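Everything below belongs to run34.txt, which stores compact mmCIF, C-alpha atoms.
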# COMPACT_ATOMS: atom_id res chain seq x y z
CA MET O 754 82.49 66.14 142.98
CA ASP O 755 82.48 63.37 145.56
CA TYR O 756 79.25 61.42 146.03
CA ASN O 757 78.19 59.15 148.88
CA THR O 758 75.49 57.12 147.13
CA ILE O 759 76.37 57.02 143.43
CA LEU O 760 79.27 56.18 141.12
CA ILE O 761 80.08 57.72 137.72
CA SER O 762 82.29 56.49 134.89
CA ILE O 763 82.66 57.93 131.37
CA LYS O 764 83.85 55.98 128.33
CA GLU O 765 83.45 56.71 124.61
CA ASN O 766 80.93 59.54 125.14
CA ILE O 767 78.82 57.28 127.38
CA ALA O 768 78.41 57.97 131.09
CA THR O 769 77.43 55.11 133.38
CA LEU O 770 75.68 56.35 136.52
CA THR O 771 75.37 53.68 139.22
CA ILE O 772 73.21 53.99 142.33
CA ASN O 773 75.49 52.53 144.98
CA ARG O 774 73.57 51.54 148.11
CA PRO O 775 73.72 47.74 147.80
CA ALA O 776 73.06 47.14 151.51
CA LYS O 777 69.73 48.97 151.05
CA LEU O 778 69.09 47.42 147.62
CA ASN O 779 69.81 50.90 146.23
CA ALA O 780 66.68 52.36 147.82
CA LEU O 781 66.08 56.04 147.18
CA ASN O 782 66.43 58.45 150.09
CA LYS O 783 66.65 62.24 150.02
CA GLU O 784 70.43 62.18 149.79
CA THR O 785 70.41 59.82 146.82
CA ILE O 786 67.76 61.85 145.01
CA ALA O 787 69.76 65.05 145.55
CA GLU O 788 73.02 63.42 144.42
CA LEU O 789 71.37 61.94 141.35
CA HIS O 790 70.08 65.39 140.43
CA GLN O 791 73.56 66.88 140.78
CA ALA O 792 75.09 64.07 138.72
CA PHE O 793 72.51 64.31 135.94
CA GLU O 794 72.91 68.09 135.83
CA SER O 795 76.70 67.79 135.59
CA LEU O 796 76.60 65.07 132.93
CA ASP O 797 73.97 66.93 130.90
CA GLN O 798 76.29 69.95 130.75
CA ASN O 799 79.36 67.88 129.85
CA PRO O 800 79.95 68.13 126.06
CA VAL O 801 81.82 64.82 126.08
CA VAL O 802 78.75 62.91 127.33
CA ARG O 803 76.24 61.99 124.62
CA VAL O 804 74.33 59.20 126.43
CA ILE O 805 73.77 58.32 130.11
CA VAL O 806 73.18 54.74 131.28
CA LEU O 807 71.56 54.52 134.73
CA THR O 808 71.83 51.29 136.72
CA GLY O 809 72.08 49.90 140.25
CA SER O 810 75.02 48.31 142.01
CA GLY O 811 75.11 44.59 142.68
CA GLU O 812 73.07 41.83 141.07
CA LYS O 813 69.84 42.07 143.06
CA ALA O 814 68.34 45.49 142.49
CA PHE O 815 68.16 48.45 140.18
CA VAL O 816 66.30 50.38 142.88
CA ALA O 817 64.12 48.38 145.26
CA GLY O 818 62.00 51.42 146.16
CA ALA O 819 62.06 54.45 148.40
CA ASP O 820 63.68 54.32 151.83
CA ILE O 821 60.49 53.77 153.86
CA ALA O 822 62.18 54.42 157.21
CA GLU O 823 62.79 57.99 156.09
CA PHE O 824 59.10 58.91 155.76
CA ALA O 825 57.22 56.46 158.02
CA ASP O 826 56.24 59.24 160.44
CA PHE O 827 55.47 61.98 157.89
CA SER O 828 52.42 64.22 158.08
CA VAL O 829 50.14 65.02 155.12
CA GLU O 830 52.07 68.21 154.37
CA GLU O 831 55.41 66.44 154.64
CA GLY O 832 54.14 63.76 152.23
CA ILE O 833 53.13 66.41 149.70
CA GLN O 834 56.52 68.06 150.01
CA LEU O 835 58.30 64.69 149.60
CA ALA O 836 56.51 63.91 146.34
CA ALA O 837 56.91 67.44 144.99
CA PHE O 838 60.62 67.53 145.84
CA GLY O 839 61.26 64.15 144.23
CA GLN O 840 59.31 64.86 141.06
CA GLU O 841 60.86 68.27 140.49
CA THR O 842 64.39 67.38 141.56
CA LEU O 843 64.79 64.03 139.84
CA PHE O 844 61.95 62.31 138.00
CA ASN O 845 60.63 65.16 135.83
CA TYR O 846 64.19 66.45 135.53
CA VAL O 847 65.46 63.18 134.05
CA GLU O 848 62.50 62.90 131.67
CA ASN O 849 63.28 66.32 130.21
CA LEU O 850 67.07 65.99 130.12
CA LYS O 851 68.55 66.87 126.73
CA THR O 852 70.97 63.93 126.99
CA PRO O 853 69.33 60.53 126.37
CA VAL O 854 69.07 58.37 129.51
CA ILE O 855 68.82 54.59 129.26
CA ALA O 856 67.68 52.67 132.34
CA ALA O 857 69.64 49.41 132.68
CA ILE O 858 67.33 47.51 135.03
CA ASN O 859 69.58 44.92 136.63
CA GLY O 860 67.20 43.49 139.23
CA PHE O 861 64.26 44.67 141.31
CA ALA O 862 62.72 47.96 140.16
CA LEU O 863 59.95 48.57 142.65
CA GLY O 864 58.04 51.68 143.70
CA GLY O 865 60.31 54.68 143.29
CA GLY O 866 62.76 52.44 141.45
CA LEU O 867 60.30 51.65 138.68
CA GLU O 868 59.21 55.29 138.66
CA LEU O 869 62.84 56.31 138.13
CA ALA O 870 63.24 53.78 135.32
CA MET O 871 60.06 55.10 133.68
CA ALA O 872 61.38 58.66 133.85
CA CYS O 873 64.36 57.55 131.73
CA HIS O 874 63.94 57.80 127.97
CA PHE O 875 63.75 54.03 127.55
CA ARG O 876 64.46 50.86 129.49
CA ILE O 877 66.46 47.65 129.03
CA ALA O 878 66.11 44.85 131.59
CA SER O 879 68.14 41.84 132.63
CA GLU O 880 66.39 38.47 132.66
CA ASN O 881 66.22 38.43 136.46
CA ALA O 882 64.57 41.86 136.72
CA LYS O 883 61.19 42.24 138.40
CA MET O 884 59.08 45.40 138.31
CA GLY O 885 56.12 46.72 140.23
CA LEU O 886 54.47 49.58 142.10
CA PRO O 887 53.58 48.14 145.54
CA GLU O 888 52.70 51.42 147.25
CA VAL O 889 49.07 50.46 148.02
CA THR O 890 50.37 47.72 150.34
CA LEU O 891 51.75 50.56 152.50
CA GLY O 892 48.58 52.62 152.40
CA LEU O 893 50.09 54.96 149.80
CA ILE O 894 49.88 55.55 146.06
CA PRO O 895 52.86 56.03 143.74
CA GLY O 896 54.12 59.57 144.34
CA TYR O 897 57.00 59.99 141.91
CA GLY O 898 54.97 59.97 138.69
CA GLY O 899 53.99 56.30 138.62
CA THR O 900 50.25 56.89 138.17
CA GLN O 901 51.02 59.06 135.13
CA ARG O 902 53.93 57.39 133.35
CA LEU O 903 52.86 53.75 133.71
CA PRO O 904 49.55 54.29 131.82
CA GLN O 905 51.44 56.25 129.16
CA LEU O 906 53.77 53.31 128.62
CA ILE O 907 51.51 50.25 128.93
CA GLY O 908 47.93 51.57 128.75
CA LYS O 909 45.36 52.48 131.37
CA GLY O 910 43.92 49.01 132.00
CA ARG O 911 47.23 47.25 132.58
CA ALA O 912 48.49 50.14 134.70
CA MET O 913 45.34 50.00 136.83
CA GLU O 914 45.86 46.29 137.41
CA MET O 915 49.54 46.64 138.32
CA ILE O 916 48.97 49.54 140.70
CA LEU O 917 45.78 48.29 142.36
CA THR O 918 47.01 44.72 142.87
CA ALA O 919 50.55 45.86 143.79
CA GLY O 920 51.61 43.06 141.47
CA MET O 921 55.21 42.45 140.47
CA ILE O 922 55.92 41.34 136.90
CA PRO O 923 58.99 39.57 135.46
CA ALA O 924 61.16 41.03 132.73
CA GLU O 925 59.61 39.00 129.91
CA GLU O 926 56.12 40.25 130.75
CA ALA O 927 57.46 43.81 130.97
CA LEU O 928 58.80 43.32 127.46
CA GLN O 929 55.50 41.98 126.15
CA ILE O 930 53.52 44.98 127.44
CA GLY O 931 56.03 47.60 126.31
CA LEU O 932 57.41 48.60 129.69
CA VAL O 933 60.93 47.69 128.58
CA ASN O 934 62.45 47.61 125.08
CA HIS O 935 64.73 44.59 125.44
CA VAL O 936 65.54 41.77 127.87
CA VAL O 937 69.05 40.31 128.00
CA PRO O 938 71.09 38.12 130.35
CA GLN O 939 72.33 40.09 133.34
CA SER O 940 75.97 39.52 132.38
CA GLU O 941 75.29 41.20 129.02
CA LEU O 942 73.13 44.09 130.23
CA LEU O 943 75.64 46.93 130.31
CA ASP O 944 77.34 45.82 127.09
CA PHE O 945 73.97 45.71 125.35
CA CYS O 946 73.10 49.19 126.64
CA GLU O 947 76.48 50.41 125.42
CA SER O 948 75.84 48.99 121.96
CA ILE O 949 72.60 50.97 121.69
CA ALA O 950 74.23 54.06 123.20
CA LEU O 951 76.99 53.95 120.58
CA LYS O 952 74.33 54.06 117.84
CA ILE O 953 72.89 57.18 119.47
CA VAL O 954 76.34 58.77 119.85
CA LYS O 955 76.79 58.71 116.05
CA ASN O 956 73.80 61.00 115.56
CA ALA O 957 73.38 64.76 115.89
CA PRO O 958 73.14 65.62 119.62
CA LEU O 959 71.07 68.78 119.14
CA ALA O 960 68.58 66.92 116.98
CA ILE O 961 68.37 64.18 119.61
CA SER O 962 67.69 66.75 122.32
CA LYS O 963 64.95 68.39 120.24
CA ALA O 964 63.42 64.98 119.47
CA ILE O 965 63.25 64.14 123.19
CA HIS O 966 61.44 67.39 123.95
CA ALA O 967 59.08 67.01 120.98
CA ILE O 968 58.12 63.45 122.01
CA ASN O 969 57.55 64.53 125.62
CA ALA O 970 55.38 67.44 124.45
CA ASN O 971 52.65 65.00 123.44
CA PHE O 972 52.19 64.08 127.11
CA ARG O 973 52.13 67.60 128.56
CA ASP O 974 48.82 69.26 129.35
CA GLY O 975 48.26 72.46 127.41
CA GLU O 976 51.01 71.79 124.87
CA ASN O 977 50.38 70.80 121.27
CA GLY O 978 52.99 68.23 120.35
CA PHE O 979 52.60 68.85 116.62
CA ASP O 980 53.29 72.57 117.10
CA THR O 981 56.33 71.75 119.22
CA GLU O 982 57.59 69.39 116.53
CA ILE O 983 57.20 72.09 113.87
CA LYS O 984 59.12 74.58 116.02
CA TYR O 985 62.03 72.24 116.76
CA PHE O 986 62.13 70.96 113.19
CA GLY O 987 62.55 74.54 112.00
CA GLN O 988 65.15 75.36 114.65
CA SER O 989 67.22 72.38 113.48
CA PHE O 990 67.92 74.16 110.18
CA GLY O 991 69.91 76.79 112.06
CA THR O 992 72.43 74.37 113.59
CA LYS O 993 75.93 73.38 112.52
CA ASP O 994 74.85 69.78 112.98
CA PHE O 995 72.25 70.21 110.22
CA LYS O 996 74.85 71.71 107.94
CA GLU O 997 77.28 68.88 108.67
CA GLY O 998 74.64 66.16 108.34
CA THR O 999 73.33 67.31 104.97
CA THR O 1000 76.81 68.08 103.63
CA ALA O 1001 78.08 64.65 104.68
CA PHE O 1002 75.08 63.00 103.04
CA LEU O 1003 75.65 64.81 99.75
CA GLU O 1004 79.39 64.09 99.89
CA LYS O 1005 78.67 60.42 100.70
CA ARG O 1006 80.71 60.37 103.91
CA LYS O 1007 79.98 59.86 107.60
CA ALA O 1008 78.94 62.99 109.46
CA GLN O 1009 81.05 64.29 112.34
CA PHE O 1010 78.65 66.07 114.67
CA ILE O 1011 79.80 68.62 117.24
CA GLY O 1012 76.49 69.52 118.87
CA GLU O 1013 76.12 73.14 117.79
Could I get this structure in the form of structure tokens?
Amino acid sequence: MDYNTILISIKENIATLTINRPAKLNALNKETIAELHQAFESLDQNPVVRVIVLTGSGEKAFVAGADIAEFADFSVEEGIQLAAFGQETLFNYVENLKTPVIAAINGFALGGGLELAMACHFRIASENAKMGLPEVTLGLIPGYGGTQRLPQLIGKGRAMEMILTAGMIPAEEALQIGLVNHVVPQSELLDFCESIALKIVKNAPLAISKAIHAINANFRDGENGFDTEIKYFGQSFGTKDFKEGTTAFLEKRKAQFIGE
């Protein structure tokens, strides 16, 4: 499939998905959100792909926010529809993808950009990265899950401060408060992400998928995460990956997982 706003490359079971709107600092518009959904759906169904790395083109921005010109004249109902479309189509979709998604934050991750990074399963930032949710400066609040995911990641008090002040924090502070897992020089960012992705690739893909869903269950209203863990733990015993993993362990060899 041809895309207008994104680029995809696949190497060694790792897909790199690049948001490619450098003139707009990779800002999210409806077209980009729709194309990202299509790309994630395609990669998630591709048996060759075991990990997805999401990044932005250029050296300035991961995603500098939403494309404000696109919604500056929206009504209340149009605003509700915009947030609902984005959350369902992309942000919640990425969070619940069975394939692990690593956000490689290569510059500014602001507004919808930080919300997209937070929807990924974890985040790695370059030293020049800066993150924030500045929506209140526009008379808005974060609408793509920011008021929910930021407190989950860094705690209610810090999230309140970031959102209410519209403050932007550097990569090192993001590391200190748990918003990102690692900070590396920009020139090393994708290689570092690949090194972590290769560790994931060695493991059982079905177990990884079940682990993602079990972890997410703890943050869903009305779902008991412990019960979900028990269910997926039990289901794992019925997979070929479990058979291969235990057999390889007993035979003292490396497992060769096929994802069934």
Check the smallest atom-to-atom distance from each of O:Gly885, O:Phe945, O:Leu863, O:Arg973 to Asn845 (chain O) using all atoms listed in the file, then report the winner.
O:Arg973
Counting only C-alpha atoms, closest pick from O:Ala927, O:Leu789, O:Leu886, O:Ala814 relative to Glu914 (chain O) is O:Leu886
Could you tell me how far CA of Asn757 (chain O) sits from CA of Lys813 (chain O), in Å to one decimal place?
19.9 Å
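Checking O:Ser810, O:Phe990, O:Val804, O:Ser795 one by one against Ala776 (chain O), counting all atoms listed in the file, you find the shortest gap at O:Ser810.
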Residues proximal to (74.6, 69.8, 130.2) were defined as those with any atom within 12 Å of that point in the file's coordinates, counting only C-alpha atoms. Which are they, as an MDAnalysis selection string?
chainID O and resid 791:805 847 849:853 958:959 962 1012
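Note that the spacing between CA of Lys993 (chain O) and CA of Lys963 (chain O) amounts to 14.3 Å.
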Distance CA of Asn977 (chain O)-CA of Lys909 (chain O), one decimal place?
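Separation between CA of Asn977 (chain O) and CA of Lys909 (chain O): 21.5 Å.
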Fewer than 5 positions away in the same chain doesn't count, so skip those; otherwise give me all residues within 9 Å of Glu925 (chain O), counting all atoms listed in the file, as a PyMOL selection string.
chain O and resi 878+880+882+930+933+935-936
Which polymer residues have any atom within 12 Å of an atom of Gly931 (chain O), counting only C-alpha atoms, with same-chain residues fewer than 4 positions away left out, as a PyMOL selection string?
chain O and resi 871+875-878+903-908+911-912+924-927+935-936
When distances are computed from only C-alpha atoms, which of O:Ile965, O:Ala768, O:Cys946, O:Leu843 shows the smallest separation from Lys783 (chain O)?
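The answer is O:Leu843, which sits nearest to Lys783 (chain O).
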From O:Val806, O:Leu928, O:Ala970, O:Ala787, residue lying nearest His874 (chain O) [all atoms listed in the file]
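Nearest candidate to His874 (chain O) out of O:Val806, O:Leu928, O:Ala970, O:Ala787: O:Val806.
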Residue among O:Pro887, O:Gly898, O:Pro775, O:Gly987 lying closest to Thr808 (chain O), counting only C-alpha atoms:
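The closest residue to Thr808 (chain O) is O:Pro775.
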